$ cat entry-v9.txt   # compact mmCIF, C-alpha atoms
# COMPACT_ATOMS: atom_id res chain seq x y z
CA MET O 1 -3.38 36.24 -4.44
CA GLN O 2 -5.31 35.45 -1.25
CA GLN O 3 -8.37 34.62 -3.32
CA GLN O 4 -6.26 32.28 -5.47
CA GLU O 5 -4.90 30.52 -2.37
CA ARG O 6 -8.45 29.71 -1.21
CA LYS O 7 -9.43 28.35 -4.61
CA ALA O 8 -11.21 24.99 -4.61
CA TYR O 9 -10.06 22.30 -7.03
CA GLN O 10 -12.00 19.38 -8.47
CA TYR O 11 -9.22 16.81 -8.81
CA TYR O 12 -6.45 17.83 -6.41
CA ASP O 13 -7.63 15.38 -3.72
CA LEU O 14 -7.94 12.57 -6.27
CA VAL O 15 -4.38 13.08 -7.53
CA MET O 16 -3.21 13.12 -3.90
CA ALA O 17 -4.99 9.82 -3.18
CA LEU O 18 -3.49 8.16 -6.27
CA PHE O 19 -0.03 9.46 -5.37
CA VAL O 20 -0.21 8.04 -1.84
CA THR O 21 -1.62 4.71 -3.10
CA VAL O 22 1.26 4.27 -5.55
CA LEU O 23 3.76 5.18 -2.84
CA LEU O 24 2.42 2.59 -0.37
CA LEU O 25 2.16 -0.08 -3.05
CA SER O 26 5.76 0.50 -4.14
CA ASN O 27 7.02 0.00 -0.57
CA LEU O 28 5.03 -3.20 -0.17
CA LEU O 29 6.28 -4.65 -3.47
CA SER O 30 9.87 -3.63 -2.74
CA SER O 31 9.81 -5.82 0.35
CA ALA O 32 8.08 -8.71 -1.39
CA LYS O 33 10.32 -9.54 -4.35
CA ILE O 34 13.52 -8.77 -6.25
CA VAL O 35 13.10 -9.20 -10.01
CA ASP O 36 15.92 -10.53 -12.23
CA LEU O 37 15.29 -10.20 -15.97
CA GLY O 38 18.30 -12.37 -16.77
CA ALA O 39 19.94 -9.62 -18.84
CA ALA O 40 22.78 -7.18 -18.33
CA LEU O 41 24.30 -3.98 -19.69
CA GLY O 42 28.00 -4.68 -19.40
CA PRO O 43 28.71 -5.43 -15.72
CA ILE O 44 25.32 -4.07 -14.64
CA ALA O 45 22.69 -6.80 -14.30
CA PHE O 46 19.03 -5.87 -14.82
CA ILE O 47 17.95 -6.59 -11.25
CA PHE O 48 15.41 -4.43 -9.45
CA ASP O 49 13.02 -4.60 -6.54
CA ALA O 50 9.39 -5.07 -7.58
CA GLY O 51 8.41 -1.67 -6.20
CA THR O 52 10.26 -0.14 -9.14
CA LEU O 53 7.40 -1.27 -11.37
CA VAL O 54 5.05 1.30 -9.84
CA PHE O 55 7.24 3.86 -8.03
CA PRO O 56 8.03 5.94 -11.17
CA ILE O 57 4.30 6.69 -11.41
CA SER O 58 4.57 8.64 -8.14
CA TYR O 59 7.05 10.98 -9.83
CA ILE O 60 4.63 11.51 -12.70
CA PHE O 61 1.95 12.48 -10.20
CA GLY O 62 4.51 14.69 -8.44
CA ASP O 63 5.30 16.44 -11.72
CA VAL O 64 1.60 16.93 -12.46
CA LEU O 65 0.95 18.34 -8.98
CA THR O 66 3.80 20.85 -9.13
CA GLU O 67 3.17 21.87 -12.73
CA VAL O 68 -0.56 22.46 -12.26
CA TYR O 69 -1.03 23.36 -8.58
CA GLY O 70 2.41 24.64 -7.61
CA TYR O 71 5.15 23.66 -5.17
CA LYS O 72 3.23 24.51 -1.98
CA ARG O 73 0.35 22.15 -2.74
CA SER O 74 2.77 19.51 -3.96
CA ARG O 75 4.66 19.89 -0.66
CA ARG O 76 1.44 19.14 1.23
CA VAL O 77 0.93 15.95 -0.80
CA ILE O 78 4.53 14.87 -0.22
CA TRP O 79 4.05 15.20 3.54
CA THR O 80 0.76 13.27 3.33
CA GLY O 81 2.59 10.43 1.58
CA PHE O 82 5.35 10.59 4.20
CA ALA O 83 2.84 10.23 7.05
CA ALA O 84 0.95 7.41 5.30
CA THR O 85 4.17 5.46 4.68
CA ALA O 86 5.30 5.86 8.29
CA LEU O 87 1.88 4.68 9.50
CA MET O 88 2.01 1.61 7.24
CA GLY O 89 5.50 0.77 8.46
CA PHE O 90 4.46 1.00 12.09
CA PHE O 91 1.50 -1.36 11.71
CA VAL O 92 3.43 -3.87 9.62
CA TRP O 93 6.04 -3.94 12.39
CA LEU O 94 3.38 -4.17 15.12
CA THR O 95 1.63 -7.04 13.35
CA GLY O 96 4.95 -8.86 13.06
CA ILE O 97 5.66 -8.83 16.80
CA LEU O 98 2.14 -9.91 17.84
CA PRO O 99 1.70 -13.67 18.47
CA GLY O 100 0.28 -15.66 15.56
CA GLU O 101 -2.82 -17.88 15.77
CA SER O 102 -2.05 -21.64 15.76
CA GLU O 103 -3.83 -22.50 12.49
CA TRP O 104 -2.17 -19.59 10.70
CA GLN O 105 1.19 -20.82 12.00
CA GLY O 106 0.50 -24.12 10.26
CA TYR O 107 -0.23 -22.89 6.73
CA ALA O 108 1.79 -19.65 6.73
CA GLY O 109 3.75 -18.96 9.91
CA GLN O 110 5.96 -16.30 11.38
CA ASP O 111 8.93 -17.27 9.23
CA ALA O 112 6.95 -16.59 6.06
CA TYR O 113 5.76 -13.24 7.40
CA ASP O 114 9.28 -12.26 8.41
CA ALA O 115 10.72 -13.38 5.07
CA ILE O 116 8.34 -11.17 3.06
CA LEU O 117 7.46 -8.30 5.38
CA GLY O 118 10.05 -8.58 8.13
CA GLY O 119 12.44 -6.27 6.34
CA ILE O 120 9.83 -3.61 5.70
CA SER O 121 10.76 -1.61 8.81
CA GLY O 122 14.26 -1.06 7.48
CA LEU O 123 12.75 -0.54 4.05
CA ILE O 124 10.41 2.13 5.38
CA VAL O 125 13.29 3.97 7.10
CA ALA O 126 15.26 3.98 3.84
CA SER O 127 12.17 4.86 1.85
CA LEU O 128 11.16 7.80 4.03
CA VAL O 129 14.60 9.42 3.97
CA ALA O 130 15.03 8.84 0.23
CA TYR O 131 11.46 9.83 -0.57
CA PHE O 132 11.74 13.08 1.39
CA ALA O 133 14.97 14.11 -0.34
CA GLY O 134 13.99 12.85 -3.81
CA GLU O 135 10.44 14.18 -4.02
CA PHE O 136 11.35 17.64 -2.78
CA SER O 137 14.33 17.77 -5.15
CA ASN O 138 12.04 16.79 -8.02
CA SER O 139 9.37 19.34 -7.12
CA TYR O 140 11.87 22.16 -6.51
CA VAL O 141 13.71 21.62 -9.81
CA LEU O 142 10.47 21.45 -11.80
CA ALA O 143 9.02 24.57 -10.16
CA LYS O 144 12.22 26.57 -10.75
CA MET O 145 12.55 25.36 -14.36
CA LYS O 146 8.95 26.34 -15.08
CA VAL O 147 9.66 29.93 -14.06
CA TRP O 148 12.99 30.01 -15.94
CA GLN O 149 11.37 28.60 -19.09
CA ALA O 150 8.22 30.76 -18.82
CA GLY O 151 6.11 27.61 -18.95
CA LYS O 152 7.59 26.29 -22.20
CA ASN O 153 9.12 22.86 -22.89
CA LEU O 154 7.24 20.81 -20.29
CA TRP O 155 9.10 17.67 -21.34
CA MET O 156 12.43 19.21 -20.30
CA ARG O 157 11.05 19.95 -16.84
CA THR O 158 9.46 16.55 -16.25
CA ILE O 159 12.46 14.54 -17.44
CA GLY O 160 15.08 16.91 -15.99
CA SER O 161 13.46 17.07 -12.55
CA THR O 162 13.02 13.29 -12.55
CA MET O 163 16.69 12.75 -13.39
CA VAL O 164 17.67 14.84 -10.36
CA GLY O 165 14.99 13.52 -7.99
CA GLN O 166 15.48 9.87 -8.89
CA ALA O 167 19.26 10.13 -8.60
CA VAL O 168 18.86 11.43 -5.05
CA ASP O 169 16.04 9.03 -4.13
CA THR O 170 17.48 5.84 -5.60
CA THR O 171 21.01 6.32 -4.27
CA ILE O 172 19.90 7.19 -0.72
CA PHE O 173 17.30 4.42 -0.63
CA PHE O 174 19.60 1.56 -1.58
CA ILE O 175 22.54 2.73 0.53
CA ILE O 176 20.37 2.89 3.66
CA ALA O 177 18.36 -0.27 2.85
CA THR O 178 21.54 -2.23 2.20
CA ALA O 179 23.13 -0.94 5.41
CA LEU O 180 20.03 -2.10 7.32
CA GLY O 181 20.22 -5.58 5.78
CA VAL O 182 17.20 -5.35 3.47
CA PHE O 183 19.25 -6.04 0.33
CA PRO O 184 22.56 -7.95 -0.02
CA PRO O 185 25.60 -5.62 -0.40
CA GLU O 186 26.78 -7.33 -3.58
CA LEU O 187 23.59 -6.23 -5.38
CA MET O 188 23.66 -2.57 -4.31
CA ILE O 189 25.43 -1.08 -7.36
CA SER O 190 23.31 -3.09 -9.80
CA LEU O 191 20.14 -2.15 -7.95
CA ILE O 192 21.00 1.56 -7.93
CA ALA O 193 21.98 1.66 -11.61
CA THR O 194 19.13 -0.51 -12.87
CA ASN O 195 16.46 1.22 -10.80
CA TYR O 196 17.65 4.68 -11.83
CA LEU O 197 17.74 3.85 -15.54
CA PHE O 198 14.37 2.14 -15.36
CA LYS O 199 12.66 4.98 -13.48
CA VAL O 200 13.99 7.74 -15.74
CA SER O 201 13.13 5.68 -18.83
CA ILE O 202 9.55 5.24 -17.62
CA GLU O 203 9.24 9.00 -17.10
CA ALA O 204 10.52 9.63 -20.63
CA ILE O 205 8.28 6.98 -22.21
CA LEU O 206 5.19 8.26 -20.41
CA THR O 207 5.83 11.91 -21.29
CA PRO O 208 2.78 11.98 -23.65
CA VAL O 209 0.62 10.75 -20.73
CA THR O 210 2.06 13.47 -18.49
CA TYR O 211 1.30 16.09 -21.14
CA ARG O 212 -2.30 14.89 -21.43
CA LEU O 213 -2.84 14.88 -17.65
CA VAL O 214 -1.26 18.31 -17.19
CA ASN O 215 -3.17 19.95 -20.05
CA THR O 216 -6.47 18.36 -19.01
CA LEU O 217 -6.12 19.42 -15.37
CA LYS O 218 -5.03 22.93 -16.27
CA ALA O 219 -8.14 23.33 -18.40
CA ILE O 220 -10.55 21.80 -15.86
CA GLU O 221 -9.07 23.51 -12.80
CA ASN O 222 -8.38 26.79 -14.61
CA GLU O 223 -4.96 26.77 -12.96
CA ASP O 224 -1.38 27.00 -14.19
CA TYR O 225 0.63 27.95 -11.10
CA TYR O 226 4.01 29.68 -11.28
CA ASP O 227 6.18 29.60 -8.14
CA ARG O 228 7.64 33.07 -8.56
CA HIS O 229 7.40 34.12 -4.91
CA THR O 230 7.20 30.73 -3.21
CA ASP O 231 8.92 29.86 0.05
CA PHE O 232 10.53 26.52 -0.83
CA ASN O 233 11.09 25.50 2.80
CA PRO O 234 10.15 21.78 2.73
CA PHE O 235 9.08 21.78 6.38
CA LYS O 236 6.12 24.10 5.93
CA LEU O 237 2.63 22.66 5.41
CA ALA O 238 0.67 25.84 4.78
CA VAL O 239 -0.55 26.65 1.28
$ encode --input "entry-v9.txt" --output "structure tokens"
Amino acid sequence: MQQQERKAYQYYDLVMALFVTVLLLSNLLSSAKIVDLGAALGPIAFIFDAGTLVFPISYIFGDVLTEVYGYKRSRRVIWTGFAATALMGFFVWLTGILPGESEWQGYAGQDAYDAILGGISGLIVASLVAYFAGEFSNSYVLAKMKVWQAGKNLWMRTIGSTMVGQAVDTTIFFIIATALGVFPPELMISLIATNYLFKVSIEAILTPVTYRLVNTLKAIENEDYYDRHTDFNPFKLAV
């Protein structure tokens, strides 16, 4: 077991980098634009923040990490993403309060900056809380299901864990973001419902891609980790 814990992997760092990139991009796009497709499912309008276009990919990477490398290494990646998001939020806020150069004020200006990125501090707060709860819920459910299912039916684990994780993440995110004034209250229910349906649907549609990534990495890394004796404490960083 100790020898396994010290094992070096070829693509673990790459998957981590892609995960963090998608996470940061989703936060930036969420602040930049709300998309309205002009359609509705009953009373629920298809309105979502632009970050929803890429955020589901982070859950695919999260599934791949837990399925191949195990919960403990996935936990380390989740904390890396948490730190990177907090760092981005701090510097976006710091840039916003620094005085702008006169020429920049003429063609862009503080109002434009505030309109697009001014709400990102509240967005980051909502994102960090929701991300922490959602990603760990997703990873925990997938790891437990893998042991229960003896590694069979990967599609049930990826979709099932995403349904739980995204329900937690999406609900917490929009409640906090709306309370902090990032999104108008009248859109909250539509945003929660539309984002949740969209994210889970993307996970389901991309299941063949998840299968390919998981099977390829398992073969290359010679790893198929089962969390039979794992300490699932989310606040530990050790692997």
$ residues_around --input "entry-v9.txt" --residues "O:Ser127" --least-positions-apart "4" --cutoff "8 Å" --atoms "only C-alpha atoms" --output "ChimeraX atom specification"
/O:27,123,131,173
$ residues_around --input "entry-v9.txt" --residues "O:Leu197" --least-positions-apart "5" --cutoff "10 Å" --atoms "all atoms listed in the file" --output "list of chain:residue names"
O:Phe46, O:Met163, O:Gln166, O:Ala167, O:Leu191, O:Ile192, O:Ile202
$ residues_around --input "entry-v9.txt" --residues "O:Ile78" --least-positions-apart "2" --cutoff "8 Å" --atoms "only C-alpha atoms" --output "list in words"
Ser74, Arg75, Arg76, Thr80, Gly81, Phe82, Phe132, Glu135 and Phe136 of chain O
$ closest_residue --input "entry-v9.txt" --among "O:Leu37, O:Leu65, O:Ala84, O:Val77" --to "O:Ala238" --atoms "all atoms listed in the file"
O:Val77
$ atom_distance --input "entry-v9.txt" --atom1 "atom CA of O:Leu154" --atom2 "atom CA of O:Leu142"
9.1 Å
$ closest_residue --input "entry-v9.txt" --among "O:Asn222, O:Ser31, O:Ala50, O:Phe232" --to "O:Tyr11" --atoms "only C-alpha atoms"
O:Asn222
$ residues_around --input "entry-v9.txt" --residues "O:Lys7" --least-positions-apart "6" --cutoff "12 Å" --atoms "all atoms listed in the file" --output "PyMOL selection string"
chain O and resi 1+69+73+221-223+225+239
$ closest_residue --input "entry-v9.txt" --among "O:Phe235, O:Phe61, O:Trp155, O:Phe55" --to "O:Phe19" --atoms "all atoms listed in the file"
O:Phe61
$ closest_residue --input "entry-v9.txt" --among "O:Val54, O:Ile175, O:Ala39, O:Ile159" --to "O:Ala130" --atoms "all atoms listed in the file"
O:Ile175
$ residues_around --input "entry-v9.txt" --residues "stretch 211-213 of chain O" --least-positions-apart "3" --cutoff "9 Å" --atoms "all atoms listed in the file" --output "ChimeraX atom specification"
/O:64,154-155,206-208,216-218
$ residues_near_point --input "entry-v9.txt" --point "(7.7, 27.2, -11.8)" --cutoff "9 Å" --atoms "all atoms listed in the file" --output "VMD selection string"
chain O and resid 66 to 67 70 to 71 140 to 151 225 to 228
$ closest_residue --input "entry-v9.txt" --among "O:Tyr196, O:Tyr9, O:Trp79, O:Tyr113" --to "O:Leu98" --atoms "all atoms listed in the file"
O:Tyr113
$ closest_residue --input "entry-v9.txt" --among "O:Leu94, O:Val35, O:Met156, O:Leu53" --to "O:Leu187" --atoms "all atoms listed in the file"
O:Val35
$ atom_distance --input "entry-v9.txt" --atom1 "atom CA of O:Ile205" --atom2 "atom CA of O:Gly38"
22.5 Å
$ atom_distance --input "entry-v9.txt" --atom1 "atom CA of O:Val22" --atom2 "atom CA of O:Asp49"
14.8 Å
